[in-house]
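Below is one structure; the comments refer to it alone.
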Protein chains: 2
Amino acid sequence: MPFNIAILASGNGTNAQAMIDKIAAGFLDAHIALVICNRPGAGVITRAAKAGLPCLVLDHKAFPDRESYDLRLVEELHKAGAELAVLAGYMRPLSAAFLQTYRGRVINLHPALLPSFPGVHGGSDALAYGVKISGCTVHFVEEKVDSGPVIIQAAVPVIAGESEESLMQRIHKMEHRIYPQAVQWLSQGRLSVEGREVRLAASPTPPPSPDGHWLVWPPLEEGF
Amino acid sequence: MPFNIAILASGNGTNAQAMIDKIAAGFLDAHIALVICNRPGAGVITRAAKAGLPCLVLDHKAFPDRESYDLRLVEELHKAGAELAVLAGYMRPLSAAFLQTYRGRVINLHPALLPSFPGVHGGSDALAYGVKISGCTVHFVEEKVDSGPVIIQAAVPVIAGESEESLMQRIHKMEHRIYPQAVQWLSQGRLSVEGREVRLAASPTPPPSPDGHWLVWPPLEEGF
């Protein structure tokens, strides 16, 4: 039995593509049962078509309110047999109507080390603050945006003076690795949630010496 | 001419010790002209004595208000010829009276990746949130606590279920490396601040491939 997932997207679909690629490469044991896109013309629609995946374009503007739209999403996910909803650049908060059914089975990706820089400007907010380390976060979705229990995070350096595009490129590269990894752990049934804490079965302990392994930015020089 | 620094501390003084050790090892080109401690009996007093450093114990309770205490600090730092004030577990916010004189020449260390988890419970707040990556931050001090421009950050993994003591041990190890490194950069005159951005002269660019270099936690498994 494959692990059936649905991808919800609004944009170009690069994270959807990362899932497609990791499945094709045999590392991610999942089947994309459905792609749903709320924006007609978005790039993710072409990507789904190229991969031979069913893609439903459901324009939210055609629905009277968020709840009726979200109930339709739930209906489509049920029909497709989706056990997990993967938000991949899906730019709409999910209502309680959706979460009542899919709570604990919806995950999202955020381009910052939450709880730093929540919201839709994770990259530019990090640059404006002047942090030296930012990153990305995969988390379970709750009603409050960017607040759910954290599954995996990746840290990346921020270069003083760089553009948002340059930083986001570095973050996206890690997103395309940690997001499929998180889905694989869910596919394997290795994640459990206690309160706000997500535990991974058979997780390693960190190496005792951090030399060169954990991230310091700017890098330490000789003797430090 | 040595780079004269003063260390302000309230507690055990492990970060003061890290400075002492890096100077003794010949990596940190600085001279600790004065240690000031606001708590009689604090461990840092013994550490300073053992290292043969002048240590002034100035109990803040003997002063009528924060401003008069801080003006005395400024006076003592001037007398000692301190070009930089290094807060090392100094548990009092600095007033405008201090910052008027030492703005841009006071640095602090925070046991979290700011702006996440400011305040006095950086470790336990990170555990309560359930982040997978935390760390520590060296920053310039401004009136608003834990808000000044960031000089260097280190990321460390957080293990699901671990104690605060266990996490803090991992963070402290990195603190003892990044804090002396930040002082060394200041000693070398290599830091400049533009708005909120701290630039390091002769800073490297990050390696193009993140494999194993930047931090992901829990670690990626084969294929991701």
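Chain labels A, B, ... are given in the sequence in which chains occur in the structure tokens; within each chain residues are numbered consecutively from 1, and ligands are likewise numbered from 1 in the order shown.
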
Using only C-alpha atoms, find which residues of chain B lie within 7 Å of chain A and jot them down as number ranges by chain. B: 27, 115-116, 129-133, 149-150, 152-156, 160, 177, 181, 196-199, 203, 212-218, 220, 223-224

_Neighbouring residues of Ile36 of chain B were defined as those with any atom within 7 Å, considering only C-alpha atoms; residues of the same chain fewer than 4 positions away were excluded. Please report them as number ranges by chain._
B: 7-9, 55-58

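Near segment 95-108 of chain A, within 9 Å and counting only C-alpha atoms, sit Arg66, Glu67, Ser68, Asp70, Leu71, Leu73, Val74, Glu83, Leu84, Ala85, Val86, Leu87, Ala88, Gly89, Tyr90, Thr137, Val138, His139, Phe140, Val141, Glu142, Glu143, Asp146, Gly148, Tyr179, Ala182, Val183 and Val193 of chain A; same-chain residues fewer than 5 positions away were not included.
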
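One distance worth recording is that between atom CA of Ala42 of chain A and atom CA of His121 of chain A, which is 20.0 Å.
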